[in-house]
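S.K.: Below is the file upload02.cif, which contains mmCIF, C-alpha atoms and all ligand atoms.
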```
data_structure
#
loop_
_atom_site.label_atom_id
_atom_site.label_comp_id
_atom_site.auth_asym_id
_atom_site.auth_seq_id
_atom_site.Cartn_x
_atom_site.Cartn_y
_atom_site.Cartn_z
CA MET A 1 7.54 -16.30 43.86
CA SER A 2 7.18 -14.00 40.89
CA GLU A 3 5.70 -15.33 37.67
CA ASP A 4 7.96 -17.18 35.26
CA LEU A 5 8.62 -15.52 31.90
CA PHE A 6 7.08 -18.46 30.03
CA ALA A 7 3.91 -18.69 32.18
CA LYS A 8 1.87 -16.73 29.63
CA CYS A 9 2.76 -19.11 26.78
CA GLY A 10 0.35 -21.78 27.98
CA THR A 11 -2.58 -19.33 28.15
CA ASP A 12 -4.84 -17.81 25.50
CA GLY A 13 -3.37 -14.32 26.04
CA GLY A 14 -1.26 -12.25 23.66
CA TYR A 15 -1.93 -11.39 20.03
CA PHE A 16 -4.40 -13.78 18.40
CA GLY A 17 -4.22 -15.70 21.69
CA GLU A 18 -7.34 -17.82 21.21
CA PHE A 19 -6.19 -18.92 17.78
CA ARG A 20 -2.71 -19.78 19.02
CA HIS A 21 -4.03 -21.61 22.05
CA SER A 22 -6.38 -23.74 19.97
CA GLY A 23 -3.65 -24.62 17.43
CA ASP A 24 -5.47 -22.85 14.59
CA ARG A 25 -4.09 -23.24 11.07
CA TYR A 26 -7.19 -22.04 9.23
CA PHE A 27 -7.68 -18.34 10.04
CA THR A 28 -4.15 -17.71 11.30
CA GLN A 29 -1.11 -19.31 9.67
CA PRO A 30 -3.18 -21.12 7.00
CA LEU A 31 -1.12 -23.69 5.12
CA LEU A 32 -0.71 -22.62 1.49
CA ASP A 33 1.80 -24.93 -0.08
CA SER A 34 1.45 -24.10 -3.76
CA LEU A 35 3.31 -21.55 -5.91
CA PRO A 36 1.84 -18.05 -5.36
CA GLY A 37 -0.67 -17.28 -8.09
CA ARG A 38 -4.34 -16.74 -8.98
CA ARG A 39 -5.22 -20.26 -7.89
CA MET A 40 -3.67 -21.85 -4.84
CA SER A 41 -4.18 -25.01 -2.90
CA PHE A 42 -5.76 -24.66 0.54
CA GLY A 43 -7.09 -27.51 2.66
CA GLY A 44 -6.60 -29.94 -0.24
CA ARG A 45 -8.71 -27.85 -2.65
CA GLU A 46 -7.91 -25.30 -5.30
CA CYS A 47 -9.07 -21.78 -4.41
CA VAL A 48 -9.13 -18.48 -6.23
CA MET A 49 -6.59 -16.48 -4.25
CA TRP A 50 -7.44 -12.89 -3.27
CA SER A 51 -5.02 -12.51 -0.37
CA ILE A 52 -1.51 -12.21 -1.77
CA ASN A 53 0.08 -8.96 -2.92
CA ASN A 54 1.42 -10.41 -6.15
CA TYR A 55 -0.04 -7.33 -7.89
CA LEU A 56 1.68 -7.66 -11.24
CA GLY A 57 1.66 -11.46 -11.35
CA LEU A 58 5.46 -11.55 -11.23
CA ALA A 59 5.52 -14.37 -8.66
CA GLU A 60 4.87 -16.68 -11.60
CA SER A 61 7.48 -15.11 -13.91
CA GLU A 62 9.69 -17.69 -15.64
CA GLU A 63 12.19 -14.93 -16.51
CA VAL A 64 12.68 -14.07 -12.85
CA LYS A 65 13.06 -17.75 -11.97
CA ALA A 66 15.68 -18.15 -14.71
CA ALA A 67 17.62 -15.13 -13.39
CA ALA A 68 17.51 -16.62 -9.89
CA ARG A 69 18.70 -20.01 -11.21
CA ASP A 70 21.65 -18.38 -13.00
CA ALA A 71 22.58 -16.44 -9.88
CA LEU A 72 22.31 -19.55 -7.75
CA GLU A 73 24.60 -21.42 -10.14
CA THR A 74 27.26 -18.71 -9.85
CA TRP A 75 26.87 -17.48 -6.29
CA GLY A 76 25.16 -20.25 -4.34
CA THR A 77 23.02 -19.17 -1.39
CA SER A 78 25.91 -17.82 0.67
CA ALA A 79 27.12 -14.79 -1.26
CA PRO A 80 27.85 -12.23 -0.12
CA MET A 81 29.06 -13.12 3.36
CA GLY A 82 28.79 -10.52 6.11
CA ALA A 83 27.30 -7.07 6.54
CA ARG A 84 27.92 -4.64 3.70
CA MET A 85 29.97 -2.42 6.01
CA MET A 86 32.52 -5.21 6.53
CA SER A 87 32.62 -7.86 3.81
CA GLY A 88 29.18 -8.13 2.22
CA ASN A 89 29.21 -5.30 -0.32
CA THR A 90 29.36 -6.00 -4.07
CA GLY A 91 29.21 -4.05 -7.30
CA GLU A 92 25.90 -5.79 -8.05
CA HIS A 93 24.33 -4.38 -4.87
CA GLU A 94 25.55 -0.90 -5.74
CA ALA A 95 24.46 -1.14 -9.38
CA PHE A 96 21.00 -2.27 -8.29
CA GLU A 97 20.77 0.64 -5.85
CA LYS A 98 21.59 3.03 -8.70
CA ALA A 99 18.88 1.48 -10.87
CA LEU A 100 16.34 1.72 -8.04
CA ALA A 101 17.25 5.35 -7.33
CA ASP A 102 16.72 6.12 -11.00
CA PHE A 103 13.34 4.34 -10.94
CA ALA A 104 12.26 6.27 -7.83
CA GLY A 105 13.53 9.57 -9.30
CA LYS A 106 15.97 10.14 -6.43
CA GLN A 107 19.74 10.65 -6.30
CA ALA A 108 20.53 7.47 -4.38
CA SER A 109 19.03 4.46 -2.65
CA ILE A 110 19.89 1.80 -0.10
CA LEU A 111 18.80 -1.83 0.02
CA PHE A 112 17.38 -3.56 3.08
CA ASN A 113 16.76 -7.25 3.68
CA TYR A 114 13.06 -6.85 4.51
CA GLY A 115 10.65 -3.94 4.18
CA TYR A 116 10.05 -4.04 7.91
CA LEU A 117 13.77 -3.75 8.62
CA GLY A 118 14.05 -0.99 6.02
CA VAL A 119 11.45 1.18 7.69
CA MET A 120 12.98 0.50 11.10
CA GLY A 121 16.50 1.21 9.87
CA THR A 122 15.64 4.36 7.94
CA VAL A 123 13.59 5.98 10.68
CA SER A 124 15.93 5.06 13.52
CA ALA A 125 18.96 6.32 11.58
CA LEU A 126 17.41 9.75 11.04
CA VAL A 127 15.35 10.45 14.14
CA GLY A 128 17.33 11.50 17.19
CA PRO A 129 16.70 13.17 20.54
CA ASP A 130 14.16 15.99 20.30
CA ASP A 131 13.10 15.09 16.76
CA ILE A 132 9.37 14.46 16.35
CA VAL A 133 7.65 11.78 14.27
CA VAL A 134 4.13 12.29 12.94
CA VAL A 135 2.18 9.26 11.71
CA ASP A 136 -1.25 8.52 10.23
CA LYS A 137 -3.52 6.49 12.52
CA LEU A 138 -3.70 3.67 9.97
CA ASP A 139 0.04 3.50 9.27
CA HIS A 140 1.48 -0.02 9.07
CA ALA A 141 2.94 -1.67 12.18
CA SER A 142 6.50 -1.31 10.83
CA ILE A 143 6.08 2.48 10.79
CA ILE A 144 4.60 2.57 14.27
CA ASP A 145 7.30 0.26 15.65
CA ALA A 146 10.01 2.33 13.97
CA ALA A 147 8.58 5.58 15.30
CA VAL A 148 8.09 4.25 18.83
CA GLY A 149 11.64 2.94 18.85
CA ALA A 150 13.17 6.11 17.43
CA VAL A 151 11.60 8.90 19.48
CA GLN A 152 13.05 9.76 22.83
CA THR A 153 9.75 10.17 24.62
CA ARG A 154 6.19 9.22 23.67
CA ARG A 155 5.37 12.92 23.47
CA ASN A 156 7.58 13.07 20.38
CA LEU A 157 5.33 10.64 18.55
CA ARG A 158 2.16 12.30 17.25
CA VAL A 159 -0.74 10.65 15.44
CA PHE A 160 -3.21 12.32 13.05
CA ARG A 161 -6.62 10.99 12.02
CA HIS A 162 -6.48 8.78 8.96
CA ASN A 163 -5.91 10.86 5.83
CA ASP A 164 -7.41 13.88 7.57
CA MET A 165 -5.58 16.99 6.43
CA GLU A 166 -7.15 19.23 9.07
CA SER A 167 -5.93 16.87 11.75
CA LEU A 168 -2.42 16.79 10.24
CA GLU A 169 -2.28 20.56 9.87
CA SER A 170 -3.36 21.23 13.43
CA LEU A 171 -0.72 18.78 14.70
CA LEU A 172 2.06 20.40 12.65
CA LYS A 173 0.96 23.86 13.80
CA ASP A 174 0.97 22.74 17.39
CA ILE A 175 4.37 21.03 17.09
CA ASN A 176 5.94 24.15 15.58
CA LYS A 177 5.07 26.19 18.66
CA THR A 178 7.64 24.32 20.76
CA ARG A 179 9.77 22.20 18.46
CA LYS A 180 13.47 22.11 19.06
CA LYS A 181 14.58 20.01 16.09
CA GLY A 182 13.32 18.11 13.04
CA VAL A 183 9.89 16.72 12.22
CA LEU A 184 9.38 13.58 10.13
CA VAL A 185 5.90 12.87 8.76
CA ILE A 186 5.45 9.22 7.70
CA THR A 187 2.49 8.00 5.69
CA GLU A 188 1.86 5.01 3.51
CA GLY A 189 1.34 5.66 -0.21
CA VAL A 190 -1.50 3.16 -0.65
CA TYR A 191 -3.06 2.19 2.67
CA GLY A 192 -2.75 -1.57 2.75
CA MET A 193 -5.85 -2.30 4.79
CA THR A 194 -8.30 0.19 3.30
CA GLY A 195 -6.88 0.59 -0.21
CA ASP A 196 -7.17 4.39 -0.27
CA LEU A 197 -4.30 6.70 -1.18
CA ALA A 198 -2.52 9.09 1.15
CA ARG A 199 -3.40 12.59 -0.06
CA LEU A 200 0.18 13.19 -1.03
CA ASP A 201 -0.44 16.46 -2.88
CA ALA A 202 -1.95 18.03 0.24
CA ILE A 203 0.55 16.35 2.55
CA CYS A 204 3.50 17.69 0.53
CA ALA A 205 2.06 21.20 0.68
CA LEU A 206 1.64 20.92 4.46
CA LYS A 207 5.10 19.53 5.12
CA ASP A 208 6.59 22.42 3.13
CA ARG A 209 4.47 25.00 4.94
CA TYR A 210 5.44 23.66 8.36
CA GLU A 211 9.04 22.78 7.45
CA ALA A 212 8.81 19.06 8.09
CA ARG A 213 10.29 16.15 6.13
CA LEU A 214 8.11 13.49 4.51
CA MET A 215 8.78 9.77 4.19
CA ILE A 216 6.29 7.61 2.38
CA ASP A 217 6.18 3.86 2.80
CA ASP A 218 4.78 2.91 -0.58
CA ALA A 219 4.80 -0.84 -0.01
CA HIS A 220 1.55 -1.28 -1.95
CA GLY A 221 2.14 1.41 -4.58
CA PHE A 222 5.70 0.55 -5.63
CA GLY A 223 5.60 -0.87 -9.16
CA VAL A 224 1.83 -0.42 -9.27
CA MET A 225 0.74 3.21 -9.03
CA GLY A 226 1.55 6.09 -11.38
CA PRO A 227 1.82 6.17 -15.18
CA SER A 228 5.07 4.18 -15.12
CA GLY A 229 4.65 2.23 -11.88
CA ARG A 230 7.04 4.45 -9.93
CA GLY A 231 4.54 4.67 -7.14
CA THR A 232 1.94 6.79 -5.43
CA ALA A 233 4.13 9.92 -5.47
CA GLU A 234 4.32 9.63 -9.25
CA HIS A 235 0.54 9.17 -9.33
CA PHE A 236 0.12 12.56 -7.60
CA GLY A 237 2.99 14.19 -9.53
CA VAL A 238 4.92 14.92 -6.31
CA ALA A 239 7.84 12.45 -6.57
CA ASP A 240 10.36 15.32 -6.26
CA GLU A 241 8.72 16.66 -3.12
CA VAL A 242 8.69 13.43 -1.14
CA ASP A 243 11.92 13.49 0.88
CA ILE A 244 12.29 9.73 1.39
CA TYR A 245 10.57 7.22 -0.83
CA PHE A 246 10.36 3.71 0.56
CA GLY A 247 9.30 0.49 -1.16
CA THR A 248 9.33 -3.19 -0.29
CA PHE A 249 9.99 -6.02 -2.74
CA ALA A 250 7.50 -8.22 -0.92
CA LYS A 251 4.46 -7.08 -2.94
CA ALA A 252 4.49 -6.15 -6.66
CA PHE A 253 8.15 -7.25 -6.93
CA ALA A 254 7.15 -10.65 -5.48
CA SER A 255 10.45 -11.19 -3.68
CA ILE A 256 12.21 -10.14 -0.48
CA GLY A 257 13.85 -6.90 0.59
CA GLY A 258 13.18 -3.18 0.65
CA VAL A 259 14.65 0.12 -0.50
CA SER A 260 14.83 3.71 0.69
CA ALA A 261 15.51 6.38 -1.93
CA ALA A 262 16.46 9.98 -1.12
CA PRO A 263 19.19 12.61 -1.74
CA SER A 264 22.73 11.12 -1.75
CA ASP A 265 23.87 12.61 1.55
CA VAL A 266 20.75 11.30 3.31
CA ILE A 267 21.27 7.81 1.89
CA GLU A 268 24.95 7.81 2.91
CA TRP A 269 23.89 8.84 6.42
CA ILE A 270 21.39 5.97 6.52
CA ARG A 271 24.01 3.56 5.12
CA TYR A 272 26.28 4.22 8.09
CA ASN A 273 23.59 4.60 10.77
CA ALA A 274 20.78 2.13 10.03
CA ARG A 275 21.42 -0.54 12.63
CA THR A 276 19.10 -3.06 10.93
CA GLN A 277 21.53 -3.03 7.99
CA VAL A 278 24.88 -2.16 9.56
CA PHE A 279 24.59 -5.15 11.88
CA ALA A 280 22.93 -7.60 9.47
CA LYS A 281 24.15 -9.77 6.59
CA ALA A 282 23.69 -8.24 3.13
CA LEU A 283 20.75 -9.14 0.88
CA PRO A 284 21.78 -12.41 -0.84
CA MET A 285 22.97 -12.24 -4.44
CA VAL A 286 20.20 -14.61 -5.60
CA TYR A 287 17.73 -11.89 -4.65
CA VAL A 288 19.78 -8.98 -5.97
CA LYS A 289 20.25 -10.61 -9.38
CA SER A 290 16.68 -11.83 -9.75
CA LEU A 291 15.35 -8.47 -8.56
CA GLN A 292 17.33 -6.73 -11.31
CA LYS A 293 15.29 -8.76 -13.78
CA THR A 294 12.10 -7.98 -11.83
CA LEU A 295 12.82 -4.25 -12.01
CA GLU A 296 13.14 -4.56 -15.78
CA LEU A 297 9.74 -6.30 -15.91
CA VAL A 298 8.19 -3.68 -13.62
CA ARG A 299 9.55 -0.89 -15.81
CA GLY A 300 8.04 -2.50 -18.88
CA GLY A 301 4.95 -3.61 -16.98
CA GLN A 302 2.31 -1.30 -18.46
CA ALA A 303 0.14 -4.13 -19.78
CA ARG A 304 0.30 -5.89 -16.40
CA ARG A 305 -0.71 -2.69 -14.59
CA GLU A 306 -3.61 -2.14 -16.97
CA ARG A 307 -4.84 -5.71 -16.47
CA LEU A 308 -4.46 -5.37 -12.69
CA PHE A 309 -6.68 -2.29 -12.58
CA GLU A 310 -9.17 -3.90 -14.95
CA VAL A 311 -9.48 -6.91 -12.61
CA ALA A 312 -9.96 -4.54 -9.66
CA ARG A 313 -12.64 -2.54 -11.49
CA ARG A 314 -14.54 -5.63 -12.60
CA LEU A 315 -14.44 -7.23 -9.19
CA ALA A 316 -15.55 -4.01 -7.48
CA SER A 317 -18.37 -3.32 -9.88
CA GLY A 318 -19.62 -6.92 -9.72
CA LEU A 319 -19.67 -6.81 -5.93
CA ARG A 320 -21.46 -3.45 -5.93
CA GLU A 321 -24.08 -4.87 -8.29
CA LEU A 322 -24.66 -7.63 -5.74
CA GLY A 323 -25.31 -4.92 -3.14
CA PHE A 324 -22.05 -5.09 -1.21
CA TYR A 325 -20.50 -1.87 0.00
CA VAL A 326 -17.13 -1.49 -1.69
CA GLY A 327 -14.97 1.33 -0.34
CA LYS A 328 -12.72 3.57 -2.36
CA VAL A 329 -10.97 1.71 -5.16
CA GLU A 330 -8.15 4.16 -5.82
CA SER A 331 -5.52 1.45 -5.82
CA PRO A 332 -5.82 -2.22 -6.81
CA ILE A 333 -6.99 -3.18 -3.31
CA VAL A 334 -10.75 -3.83 -3.24
CA PRO A 335 -12.14 -3.35 0.29
CA VAL A 336 -15.53 -5.06 0.59
CA PHE A 337 -17.53 -4.17 3.68
CA THR A 338 -20.31 -6.21 5.23
CA PRO A 339 -22.34 -5.73 8.40
CA GLY A 340 -20.60 -7.57 11.22
CA GLY A 341 -21.62 -6.24 14.60
CA GLY A 342 -18.06 -6.58 15.88
CA ASP A 343 -18.36 -10.32 16.57
CA PRO A 344 -15.27 -12.12 15.22
CA ARG A 345 -17.23 -15.39 15.01
CA VAL A 346 -19.50 -13.86 12.38
CA ALA A 347 -16.53 -12.86 10.26
CA MET A 348 -14.99 -16.30 10.69
CA ASP A 349 -18.21 -18.00 9.64
CA TRP A 350 -18.30 -15.92 6.44
CA ILE A 351 -14.64 -16.43 5.66
CA ARG A 352 -15.17 -20.18 6.02
CA PHE A 353 -18.26 -19.99 3.82
CA LEU A 354 -16.33 -18.23 1.05
CA ARG A 355 -13.37 -20.61 1.31
CA ASP A 356 -15.79 -23.53 1.08
CA GLN A 357 -16.87 -21.96 -2.22
CA GLN A 358 -13.18 -21.99 -3.30
CA VAL A 359 -12.67 -18.27 -2.75
CA PHE A 360 -9.76 -17.50 -0.44
CA VAL A 361 -10.20 -14.14 1.29
CA THR A 362 -9.02 -12.68 4.58
CA GLY A 363 -11.00 -10.46 6.89
CA VAL A 364 -10.19 -7.21 8.67
CA MET A 365 -12.06 -6.16 11.78
CA TYR A 366 -12.08 -3.71 14.64
CA PRO A 367 -9.82 -1.94 15.69
CA VAL A 368 -8.52 -1.41 12.12
CA ILE A 369 -12.06 -0.58 10.95
CA PRO A 370 -15.09 0.58 12.99
CA LYS A 371 -16.88 -1.99 15.19
CA ASN A 372 -20.07 -2.61 13.23
CA TYR A 373 -18.43 -3.91 10.09
CA VAL A 374 -16.33 -6.70 8.65
CA GLU A 375 -14.03 -6.01 5.72
CA PHE A 376 -12.98 -8.58 3.17
CA ARG A 377 -9.73 -7.14 1.91
CA MET A 378 -9.45 -8.42 -1.63
CA VAL A 379 -6.21 -8.14 -3.56
CA PRO A 380 -6.53 -8.49 -7.32
CA THR A 381 -3.51 -9.34 -9.45
CA ALA A 382 -2.70 -9.05 -13.14
CA SER A 383 -2.89 -12.85 -13.39
CA HIS A 384 -6.53 -13.18 -12.35
CA GLN A 385 -8.78 -14.31 -15.19
CA ASP A 386 -12.38 -13.34 -15.86
CA GLU A 387 -13.49 -16.82 -14.76
CA ASP A 388 -11.88 -16.19 -11.33
CA ILE A 389 -13.97 -13.04 -10.96
CA GLU A 390 -17.13 -14.86 -12.00
CA LEU A 391 -16.58 -17.71 -9.55
CA THR A 392 -15.91 -15.15 -6.81
CA LEU A 393 -19.03 -13.10 -7.53
CA GLU A 394 -21.13 -16.26 -7.43
CA ALA A 395 -19.67 -17.14 -4.01
CA PHE A 396 -20.48 -13.65 -2.69
CA ARG A 397 -24.02 -13.92 -4.11
CA LYS A 398 -24.47 -17.18 -2.19
CA LEU A 399 -23.00 -15.59 0.95
CA ARG A 400 -25.46 -12.71 0.69
CA ASP A 401 -28.46 -14.99 0.14
CA GLU A 402 -27.69 -17.97 2.39
CA LYS A 403 -26.47 -15.85 5.31
CA LYS A 404 -29.30 -13.35 4.71
CA LEU A 405 -27.00 -10.34 4.91
CA ASP A 406 -28.75 -7.03 5.43
CA LEU A 407 -26.74 -4.84 3.08
CA SER A 408 -29.05 -1.86 3.43
CA MET A 409 -27.39 -0.76 6.67
CA ASP A 410 -25.92 2.63 7.49
CA TRP A 411 -22.40 2.82 6.00
CA SER A 412 -21.48 6.25 7.37
CA GLY A 413 -18.97 4.72 9.81
CA ILE A 414 -17.01 3.44 6.84
CA GLU A 415 -17.27 6.72 4.97
CA LYS A 416 -15.76 8.46 8.00
CA LEU A 417 -12.92 5.92 8.08
CA TYR A 418 -11.63 7.40 4.83
CA GLY A 419 -11.04 10.81 6.41
CA SER A 420 -12.05 14.31 5.40
CA LYS A 421 -10.70 16.38 2.53
C1 LIG B 501 3.05 -0.57 4.47
C2 LIG B 501 4.01 -1.70 4.73
N1 LIG B 501 5.25 -1.41 5.14
C3 LIG B 501 6.15 -2.38 5.40
C4 LIG B 501 5.82 -3.70 5.25
C5 LIG B 501 6.83 -4.75 5.59
O1 LIG B 501 7.40 -5.23 4.40
P1 LIG B 501 8.16 -6.64 4.34
O2 LIG B 501 7.11 -7.69 4.26
O3 LIG B 501 9.01 -6.53 3.12
O4 LIG B 501 8.98 -6.75 5.59
C6 LIG B 501 4.55 -4.05 4.81
C7 LIG B 501 4.18 -5.47 4.66
O5 LIG B 501 3.11 -5.90 4.94
C8 LIG B 501 3.61 -3.02 4.54
O6 LIG B 501 2.38 -3.30 4.12
#
```
In C-alpha cells, write the structure found in this file.
Ligand SMILES: Cc1ncc(COP(=O)(O)O)c(C=O)c1O
M.R.:
Amino acid sequence: MSEDLFAKCGTDGGYFGEFRHSGDRYFTQPLLDSLPGRRMSFGGRECVMWSINNYLGLAESEEVKAAARDALETWGTSAPMGARMMSGNTGEHEAFEKALADFAGKQASILFNYGYLGVMGTVSALVGPDDIVVVDKLDHASIIDAAVGAVQTRRNLRVFRHNDMESLESLLKDINKTRKKGVLVITEGVYGMTGDLARLDAICALKDRYEARLMIDDAHGFGVMGPSGRGTAEHFGVADEVDIYFGTFAKAFASIGGVSAAPSDVIEWIRYNARTQVFAKALPMVYVKSLQKTLELVRGGQARRERLFEVARRLASGLRELGFYVGKVESPIVPVFTPGGGDPRVAMDWIRFLRDQQVFVTGVMYPVIPKNYVEFRMVPTASHQDEDIELTLEAFRKLRDEKKLDLSMDWSGIEKLYGSK
C-alpha cells in the first residue's frame, strides 16, 4: 500500500514541524488578543511590542476606525459582491486606485486583496513562456512563490546574491547572451528580515543597461520611506524608473490588501490577467473606505515618520551602547544580532527571557542569516514611547549579563550578509 496523503500530519515533519507537533503557541502562533499597539497582552501580561509592522502607529487611529464604522453602516460586510470583472467593481475602488497611483507617481494602479496575492497576480499576469525572472536571494516568500509559479522552467528563474550588484550584473549579462523574451527583476524596497534597502539607484541603472524591467515589492517602505512616504524608490529618487511599484496595506497602512502601480496599459493588462484577482471577490468596501482615510493620514504623516525614525535611532544606539551588534539601520527595522551557534534552543531561551522581561521580540535564524548568529528583528513604530525603549534596553542589559553573552565575537559573517557595493 502506498502512503496515505494525511500520514505526514501526525509526524513532526514539514515547516516548523516540531513546534506544530508539540502544540506550540508561544514561539509559533503566539496568542496576542489585544488591539495592535506599542503595548500588547501576551500570556496574561502586558509586553512592549516590537514585532508588528504598525510603522506609523495607524493601527490605533480613531479616524480610521470611524471611517470603517461609517462604511460598515452603509455597506455592511458584504459589499461589493463578486469579482470586479463580473459584479464587484465600484466607483470607490476605482477612485482609490487613482489616488494610490498618484501617491506612487504612476499612471494607474490596481488593488489586490492581500499583498501576497498581489505579488502572485502581478508576476503571473506578466511573465509568460520564455520570460525570465531575476530575484534577490533574500526576497520575500511571496516573490519566490510568484516567480516559481510564473516561469516555464526553473532555468528561467535566476537568483543573485543579496544586494550584490556584481552578482546581479553578471546574471543579467549572462541572460542577455541567450534570452528570447523579457526579463523581470524583482527586489524588495526595504528587506523585511535584515532592514537594509535594495540599492535601487544601482539596480535601475543595471536594468536599463541590460534592458530588463524592474518590479519592487516595497511592503516595508510604502508609507514609510522617502521625504513624503511614497516609498523606497522615492528615497533613492528613482520612482520614475521603477517599472512596477508594489505595496501592501498590511504594514504602515495597518489594514489588508495590496496595490501594484505602473503605466496604464500595464495595469489594464494585469487587471484582465491576474488570476488572483480575476477569480476572487473584490476587496470589501469597509477596507476601501477606511483605507482612503489611511492614505490621507499617510500623506500627512510627516510627524509620524519622524517619530518612527527617532524611535529606531534611539533603540539602535542604546543597544549598541550595551555592546550588541546592530546591523544597518537604513529603514525603521532594527536588526540586533547576537552569537547563537545555530542552535534554535539558544534563540528560544533568549526570546523567552526577553518576553519574561515584558519585551516581545521575534527571532530570525539560519537559513535567513548565517549559522553562527541569532537576529532579534525589532520593529519600532511611531507610537513607541521613550519609556518603552528604556524598559527594552534594561531587558537586553539583563540578557547580556545573566546569559553571559560574548558580544566580542567576529561579526564578519553578518557584514557579508549585507552584500557588496
Ligand atoms: C516583502 C513582502 N511582500 C509581500 C508580503 C505579503 O503581504 P500581505 O501580508 O499583505 O499578504 C509581505 C508580508 O509579510 C512582505 O513582507
S.K.: At a cut-off of 9 Å around ligand LIG 501 (chain B), and using all atoms listed in the file, what residues come up? Please write them as an MDAnalysis selection string.
M.R.: chainID A and resid 53 112:119 139:143 187:193 217:220 246:251 255:258
S.K.: Counting only C-alpha atoms, figure out which residue out of A:Arg213, A:Arg275, A:Lys293, A:Arg155 gets nearest to Ala68 in chain A.
M.R.: A:Lys293
S.K.: Give, as lines of an AutoDock Vina configuration file, the centre coordinates and the x, y and z edge lengths in Å to one decimal for an axis-aligned box around all listed atoms of range 167-179 of chain A, padded by 5 Å on each side.
M.R.:
```
center_x = 1.9
center_y = 21.5
center_z = 15.3
size_x = 25.7
size_y = 19.4
size_z = 20.9
```
S.K.: Hey, could you make a per-residue contact list for range 181-266 of chain A against range 414-419 of chain A with 10 Å as the cut-off, showing the nearest pair of atoms and its distance in Å to one decimal, counting all atoms listed in the file, sorted by chain and number, as JSON lines?
M.R.:
```
{"residue": "A:Thr194", "atom": "CA", "partner": "A:Tyr418", "partner_atom": "CA", "distance": 8.1}
{"residue": "A:Gly195", "atom": "CA", "partner": "A:Tyr418", "partner_atom": "CA", "distance": 9.7}
{"residue": "A:Asp196", "atom": "CA", "partner": "A:Tyr418", "partner_atom": "CA", "distance": 7.4}
{"residue": "A:Leu197", "atom": "CA", "partner": "A:Tyr418", "partner_atom": "CA", "distance": 9.5}
{"residue": "A:Ala198", "atom": "CA", "partner": "A:Tyr418", "partner_atom": "CA", "distance": 10.0}
```
S.K.: As a PyMOL selection string, please: the residues near range 326-340 of chain A (cut-off 9 Å, all atoms listed in the file, same-chain neighbours under 6 positions excluded).
M.R.: chain A and resi 55+190-197+220-221+224-225+308-313+315-317+319-320+346-347+365+371-381+405-407+409+411+414-415+418
S.K.: From the set A:Ala282, A:Met40, A:Leu206, A:Leu32, which residue has the shortest atom-to-atom contact distance to Glu241 in chain A, counting all atoms listed in the file?
M.R.: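 Going through A:Ala282, A:Met40, A:Leu206, A:Leu32 one by one, the smallest distance to Glu241 in chain A is for A:Leu206.
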S.K.: Within 12 Å of Ser170 in chain A, counting all atoms listed in the file, which residues show up once you throw out same-chain ones fewer than 4 positions away? Write them as JSON, numbers by chain, please.
M.R.: {"A": [134, 158, 159, 160, 161, 164, 165, 166, 174, 175, 176, 177, 206, 207, 210]}
S.K.: Quick check, in Å to one decimal: how far apart do CA of Leu56 in chain A and CA of Ala382 in chain A lie?
M.R.: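 Interatomic distance, CA of Leu56 in chain A to CA of Ala382 in chain A: 5.0 Å.
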S.K.: Given only C-alpha atoms as the basis, pick out the residue of A:Ala274, A:Leu172, A:Asn163, A:Arg230 nearest to Gln302 in chain A.
M.R.: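 The answer is A:Arg230, which sits nearest to Gln302 in chain A.
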S.K.: Which residue is closest to Leu100 in chain A? Choose from A:Pro344, A:Gly223, A:Gly17, A:Gly301 and count all atoms listed in the file.
M.R.: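 Of A:Pro344, A:Gly223, A:Gly17, A:Gly301, the one nearest Leu100 in chain A is A:Gly223, counting all atoms listed in the file.
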S.K.: Which is closest to Arg209 in chain A among A:Arg271, A:Glu169, A:Gly231, A:Lys65, if we use all atoms listed in the file?
M.R.: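 Of the candidates, the smallest distance to Arg209 in chain A is held by A:Glu169.
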S.K.: Using all atoms listed in the file, which residues sit within 10 Å of Arg352 in chain A once same-chain residues fewer than 6 positions away are excluded, as an MDAnalysis selection string?
M.R.: chainID A and resid 26:27 346 358:362
S.K.: For the atom pair CA of Thr122 in chain A and CA of Val266 in chain A, what is the interatomic distance in Å to one decimal place?
M.R.: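 Separation between CA of Thr122 in chain A and CA of Val266 in chain A: 9.8 Å.
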S.K.: Find the spatial neighbours of Thr276 in chain A, counting all atoms listed in the file, within a cut-off of 7 Å - ignore same-chain residues fewer than 3 positions away - and output them as a list in words.
M.R.: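 The residues that qualify are Leu117, Gly121, Phe279 and Ala280 of chain A.
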S.K.: Output C-alpha atoms of each residue in that selection to a file, as a compact mmCIF listing (two decimals), keeping the file's coordinate frame.
M.R.:
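Result file follows (part.txt):
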```
# COMPACT_ATOMS: atom_id res chain seq x y z
CA LEU A 117 13.77 -3.75 8.62
CA GLY A 121 16.50 1.21 9.87
CA PHE A 279 24.59 -5.15 11.88
CA ALA A 280 22.93 -7.60 9.47
```
S.K.: Check the smallest atom-to-atom distance from each of A:Thr28, A:Asp102, A:Leu291, A:Ser264 to Ile351 in chain A using only C-alpha atoms, then report the winner.
M.R.: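 Once distances to Ile351 in chain A are computed over only C-alpha atoms, the minimum belongs to A:Thr28.
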S.K.: In Å, how far is it from CA of Asp349 in chain A to CA of Pro36 in chain A?
M.R.: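 We find that CA of Asp349 in chain A and CA of Pro36 in chain A lie 25.0 Å from each other.
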S.K.: Kindly extract all protein, DNA and RNA residues lying within 12 Å of the coordinates (21.8, 1.3, -12.7) given in the file, considering all atoms listed in the file, and supply them as a list in words.
M.R.: Gly91, Glu92, His93, Glu94, Ala95, Phe96, Glu97, Lys98, Ala99, Leu100, Ala101, Asp102, Phe103, Ala104, Gln107, Ala108, Ser109, Gln292, Leu295 and Glu296 of chain A
S.K.: Which residues come within 9 Å of Leu72 in chain A, counting only C-alpha atoms, excluding same-chain residues fewer than 4 positions away, as a list of chain:residue names?
M.R.: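 After dropping sequence-adjacent residues, the list is A:Ala67, A:Ala68, A:Gly76, A:Thr77, A:Met285, A:Val286.
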S.K.: Can you tell me, as a list of chain:residue names, which residues sit within 10 Å of (-4.7, -28.7, 3.2) in the file's frame, using all atoms listed in the file?
M.R.: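 Every residue inside that radius is included here: A:Arg25, A:Tyr26, A:Pro30, A:Leu31, A:Leu32, A:Asp33, A:Ser41, A:Phe42, A:Gly43, A:Gly44, A:Arg45, A:Glu46.
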